[in-house]
Amino acid sequence: MIVILDFGSQYSELIARRIRETHVYSEVLSYRTTAAQLQQLQPKGIILSGGPNSVYDPGAPVCDPEIWNLGIPVLGVCYGMQLMVQQLGGKVEAAEKGEYGRAALHILDPTDLLTNLPDNSIMWMSHGDSVTELPAGFHPLAHTDNTPCAAIADPTRHLYGVQFHPEVAHSEAGAFLIRNFVYHICGCEPTWTTEAFIEEAIREVRARVGDKKVLLALSGGVDSSTLAFLLHRAIGDQLTCMFIDQGFMRKEEPQRLLRLFQEQFHIPVNYVDGQERFLKQLQGITDPEEKRKRIGAEFIRVFEEESQRLGPFEYLAQGTLYPDVIESANTNVDPVTGERIAVKIKSHHNVGGLPKNLRFKLVEPLRKLFKDEVRQLGQSLGLPEEIVRRHPFPGPGLAIRIIGEVTKERLEILRDADMIVRQEINRSGYYPKLWQAFAVLLPDVRSVGVMGDKRTYTYPVVLRLVTSEDGMTADWARVPYDLLATISNRIVNEVPGVNRVVYDITSKPPGTIEWE
Ligand code: XMP
């Protein structure tokens, strides 16, 4: 394992992902982790991340200086390198000229960390401080036009540093450098594979739950579906999958999901038809937050009733992923038992929490994985592409894509329009290029149109097609006009109640992806 000590860089997780891409397991820990704790974990290498501070800022985060004496190879990245230099007696100062963006790396010593790296390859820089004096034992491995110490090493103590960010995609030879560190310097073996993970996860789940029953709320998304497959393989009939149909899914999705699980994969699913009761909760409600709250509260009520009816269950399976674990490090731990406790139902991040009397123990076999690793896992377990590559879909579903009160008729209109969007996006080959693609209905707006010889006066549909890396920022998709034309034409012709289609050309920020 490689441990990454996080000094607050936006790239710490990315470093972990890059290392895992070399099939070596890695974890992100706080910079406060002590040398003694690290010794217990026995990592083969340590990476110190970048961070927003200057090492000479008062109160800037520092690591335990004993780390340098552990004999474990260390690679400092940006702030991490500067900290290494400062703590070991070198000097870091504000650079005359900061360096942001691309820079060519001129190699002085093509061994060790820089083995097989092409000279003058482009690396991504982002720093205002520079190393101006190296500690005893170090020598520069490479420089850029602006930065004399762009890569440094003290090979006898196995200490290395780079001023640039090898983890970002713009760094052309970054992956080579990471492989050199992981394989040659740390001596790691490429043992982190999906197959190895499946074996270990199955062993762990069996050991944890014994002969007890486990409940899983299936949403149809990639996380809960992968979880269902994994658990079913591990514990078979001890797993109960529950699918609560709120009535806000896309057209034919609940039926497809059930068919897929039950008929194709022989994983039984308890279908709970909540359509009427969820709709009743939304009667007369137009405020987006109120909608979410009501859907969340009703979800808990149904979940509670059904789990009592089907149970009792000792364990609840949650699709917690590694980024959630990093984010909530230690905050969701029961102070008495030390167990992680359920504070969220994963498929529904609008749900506040489970009631106290429903305190399950948790099974979270995906907690070590990043999203792309879950996709790989799902694929290895035999989940079809349509689920593995599925776009995100919000917990409250179509209810937050009808801008106003939600009614049965409006849901029908939106479902039909949305189906056309999906069909055409699939047909055009744009599905994998987009983060999300959907329709939004504006039932409180009507506009005049003409069809045949008749005047129409009905609702507009908004087309929302966005590209994004992680949903935090997004841009409207530049798809061909012809594709927009086909979608618009089909919706207006095939969906009664809609006579106009508009395209949302707002990025996030300032907009959000969803309309509510
Ligand atoms: P926004 O609209 O905030 O959405 O730009 C960002 C991403 O989150 C999804 N989303 C949700 N997912 N429950 C969910 O599980 C929700 O209440 C919810 N609201 C938004 C949205 O689809 C997008 O991918």
# chains A, B, ... in the order shown; residues from 1 in each chain; ligands from 1
call {"tool": "residues_near_ligand", "arguments": {"ligand": "ligand 1", "cutoff": "8 Å", "atoms": "only C-alpha atoms and all ligand atoms", "output": "PyMOL selection string"}}
result
chain A and resi 292+346-350+391-397+435-436+471-474+508+511-516
call {"tool": "write_last_selection", "arguments": {"atoms": "C-alpha atoms", "output": "short mmCIF file (atom, residue, chain, number, x, y, z; two decimals), in the first residue's frame"}}
result
data_model
loop_
_atom_site.label_atom_id
_atom_site.label_comp_id
_atom_site.auth_asym_id
_atom_site.auth_seq_id
_atom_site.Cartn_x
_atom_site.Cartn_y
_atom_site.Cartn_z
CA ARG A 292 -37.34 16.91 -1.54
CA LYS A 346 -26.87 6.45 0.01
CA SER A 347 -29.15 6.49 -2.99
CA HIS A 348 -30.91 9.50 -1.55
CA HIS A 349 -28.66 12.26 -0.43
CA ASN A 350 -31.69 14.35 0.36
CA HIS A 391 -25.79 8.52 -16.05
CA PRO A 392 -26.48 9.81 -12.54
CA PHE A 393 -30.15 10.14 -11.66
CA PRO A 394 -31.33 12.17 -8.65
CA GLY A 395 -33.03 10.39 -5.75
CA PRO A 396 -36.25 12.47 -6.05
CA GLY A 397 -36.26 11.63 -9.78
CA TRP A 435 -22.72 13.43 -17.94
CA GLN A 436 -26.49 13.69 -18.07
CA GLY A 471 -21.12 16.93 -11.26
CA MET A 472 -19.56 19.77 -9.27
CA THR A 473 -19.08 21.89 -12.35
CA ALA A 474 -20.72 21.31 -15.70
CA LYS A 508 -22.74 25.23 -13.67
CA GLY A 511 -26.71 27.34 -12.95
CA THR A 512 -27.13 23.88 -11.47
CA ILE A 513 -27.57 20.73 -13.52
CA GLU A 514 -31.10 20.08 -12.28
CA TRP A 515 -33.73 22.82 -12.36
CA GLU A 516 -34.85 22.28 -8.78
#
call {"tool": "residues_around", "arguments": {"residues": "segment 225-228 of chain A", "least_positions_apart": "6", "cutoff": "7 Å", "atoms": "only C-alpha atoms", "output": "JSON, numbers by chain"}}
result
{"A": [218, 319, 378]}
call {"tool": "closest_atom_pairs", "arguments": {"of": "segment 152-224 of chain A", "to": "segment 295-311 of chain A", "cutoff": "10 Å", "atoms": "only C-alpha atoms", "output": "JSON lines"}}
result
{"residue": "A:Lys213", "atom": "CA", "partner": "A:Gly311", "partner_atom": "CA", "distance": 8.0}
{"residue": "A:Val214", "atom": "CA", "partner": "A:Gly311", "partner_atom": "CA", "distance": 9.0}
{"residue": "A:Leu215", "atom": "CA", "partner": "A:Ser307", "partner_atom": "CA", "distance": 7.7}
{"residue": "A:Leu216", "atom": "CA", "partner": "A:Ser307", "partner_atom": "CA", "distance": 9.7}
{"residue": "A:Ala217", "atom": "CA", "partner": "A:Phe303", "partner_atom": "CA", "distance": 8.4}
call {"tool": "write_last_selection", "arguments": {"atoms": "N, CA and C atoms", "output": "PDB file, in the first residue's frame"}}
result
ATOM      1  N   LYS A 213     -29.137 -11.765   8.486  1.00  0.00           N
ATOM      2  CA  LYS A 213     -29.779 -11.253   7.271  1.00  0.00           C
ATOM      3  C   LYS A 213     -29.360  -9.808   6.964  1.00  0.00           C
ATOM      4  N   VAL A 214     -29.252  -9.514   5.677  1.00  0.00           N
ATOM      5  CA  VAL A 214     -28.799  -8.187   5.240  1.00  0.00           C
ATOM      6  C   VAL A 214     -29.851  -7.566   4.319  1.00  0.00           C
ATOM      7  N   LEU A 215     -30.149  -6.298   4.574  1.00  0.00           N
ATOM      8  CA  LEU A 215     -31.122  -5.584   3.740  1.00  0.00           C
ATOM      9  C   LEU A 215     -30.406  -4.580   2.839  1.00  0.00           C
ATOM     10  N   LEU A 216     -30.848  -4.524   1.590  1.00  0.00           N
ATOM     11  CA  LEU A 216     -30.258  -3.558   0.662  1.00  0.00           C
ATOM     12  C   LEU A 216     -31.365  -2.810  -0.065  1.00  0.00           C
ATOM     13  N   ALA A 217     -31.302  -1.470  -0.021  1.00  0.00           N
ATOM     14  CA  ALA A 217     -32.260  -0.667  -0.792  1.00  0.00           C
ATOM     15  C   ALA A 217     -31.661  -0.435  -2.176  1.00  0.00           C
TER      16      ALA A 217
END
call {"tool": "residues_around", "arguments": {"residues": "segment 465-470 of chain A", "least_positions_apart": "2", "cutoff": "9 Å", "atoms": "only C-alpha atoms", "output": "list of chain:residue names"}}
result
A:Lys433, A:Leu434, A:Trp435, A:Gln436, A:Ala437, A:Phe438, A:Ala439, A:Leu463, A:Met472, A:Thr473, A:Ala474, A:Asp475, A:Trp476, A:Ala477, A:Arg478, A:Val479, A:Tyr503, A:Asp504, A:Ile505, A:Ser507, A:Ile513
call {"tool": "closest_residue", "arguments": {"among": "A:Val3, A:Val28, A:His184, A:His106", "to": "Val325 of chain A", "atoms": "only C-alpha atoms"}}
result
A:Val28
call {"tool": "select_by_dssp", "arguments": {"residues": "segment 28-195 of chain A", "states": "alpha helix (DSSP H)", "output": "ChimeraX atom specification"}}
result
/A:35-41,79-87,174-179,194-195
call {"tool": "residues_around", "arguments": {"residues": "Ala95 of chain A", "least_positions_apart": "6", "cutoff": "8 Å", "atoms": "only C-alpha atoms", "output": "MDAnalysis selection string"}}
result
chainID A and resid 128:130
call {"tool": "write_last_selection", "arguments": {"atoms": "N, CA and C atoms", "output": "PDB file, in the first residue's frame"}}
result
ATOM      1  N   GLY A 128       3.764  29.240  -6.227  1.00  0.00           N
ATOM      2  CA  GLY A 128       4.291  30.590  -6.088  1.00  0.00           C
ATOM      3  C   GLY A 128       5.598  30.572  -5.308  1.00  0.00           C
ATOM      4  N   ASP A 129       5.883  29.460  -4.601  1.00  0.00           N
ATOM      5  CA  ASP A 129       7.134  29.319  -3.835  1.00  0.00           C
ATOM      6  C   ASP A 129       8.054  28.363  -4.569  1.00  0.00           C
ATOM      7  N   SER A 130       9.369  28.506  -4.276  1.00  0.00           N
ATOM      8  CA  SER A 130      10.332  27.588  -4.888  1.00  0.00           C
ATOM      9  C   SER A 130      11.380  27.162  -3.882  1.00  0.00           C
TER      10      SER A 130
END
call {"tool": "residues_around", "arguments": {"residues": "Tyr79 of chain A", "least_positions_apart": "5", "cutoff": "9 Å", "atoms": "only C-alpha atoms", "output": "JSON, numbers by chain"}}
result
{"A": [7, 9, 48, 49, 50, 51, 52, 53, 54, 55, 84, 127, 129, 163]}
call {"tool": "select_by_dssp", "arguments": {"residues": "segment 250-465 of chain A", "states": "strand (DSSP E or B)", "output": "NGL selection string"}}
result
:A and (269-273 or 315-317 or 333 or 340 or 361-363 or 402 or 436-441 or 447-451 or 454-465)
call {"tool": "closest_residue", "arguments": {"among": "A:Met123, A:Val363, A:Val182, A:Met81", "to": "Gly101 of chain A", "atoms": "only C-alpha atoms"}}
result
A:Met123
call {"tool": "residues_around", "arguments": {"residues": "Pro140 of chain A", "least_positions_apart": "3", "cutoff": "10 Å", "atoms": "only C-alpha atoms", "output": "list in words"}}
result
Ile107, Leu108, Asp109, Leu134, His143, Pro148, Cys149, Ala150, Ala151, Ile152, Ala153, Asp154, Tyr160, Gly161 and Val162 of chain A
call {"tool": "residues_around", "arguments": {"residues": "Ile46 of chain A", "least_positions_apart": "6", "cutoff": "10 Å", "atoms": "only C-alpha atoms", "output": "list in words"}}
result
Met1, Ile2, Val3, Ile4, Leu5, Ser26, Glu27, Leu38, Ile67, Ile72, Pro73, Val74, Leu75, Gly76, Leu159, Phe181, Val182 and Cys186 of chain A
call {"tool": "atom_distance", "arguments": {"atom1": "atom CA of Pro190 of chain A", "atom2": "atom CA of Tyr25 of chain A"}}
result
8.6 Å
call {"tool": "atom_distance", "arguments": {"atom1": "atom CA of Val492 of chain A", "atom2": "atom CA of Gly404 of chain A"}}
result
20.8 Å
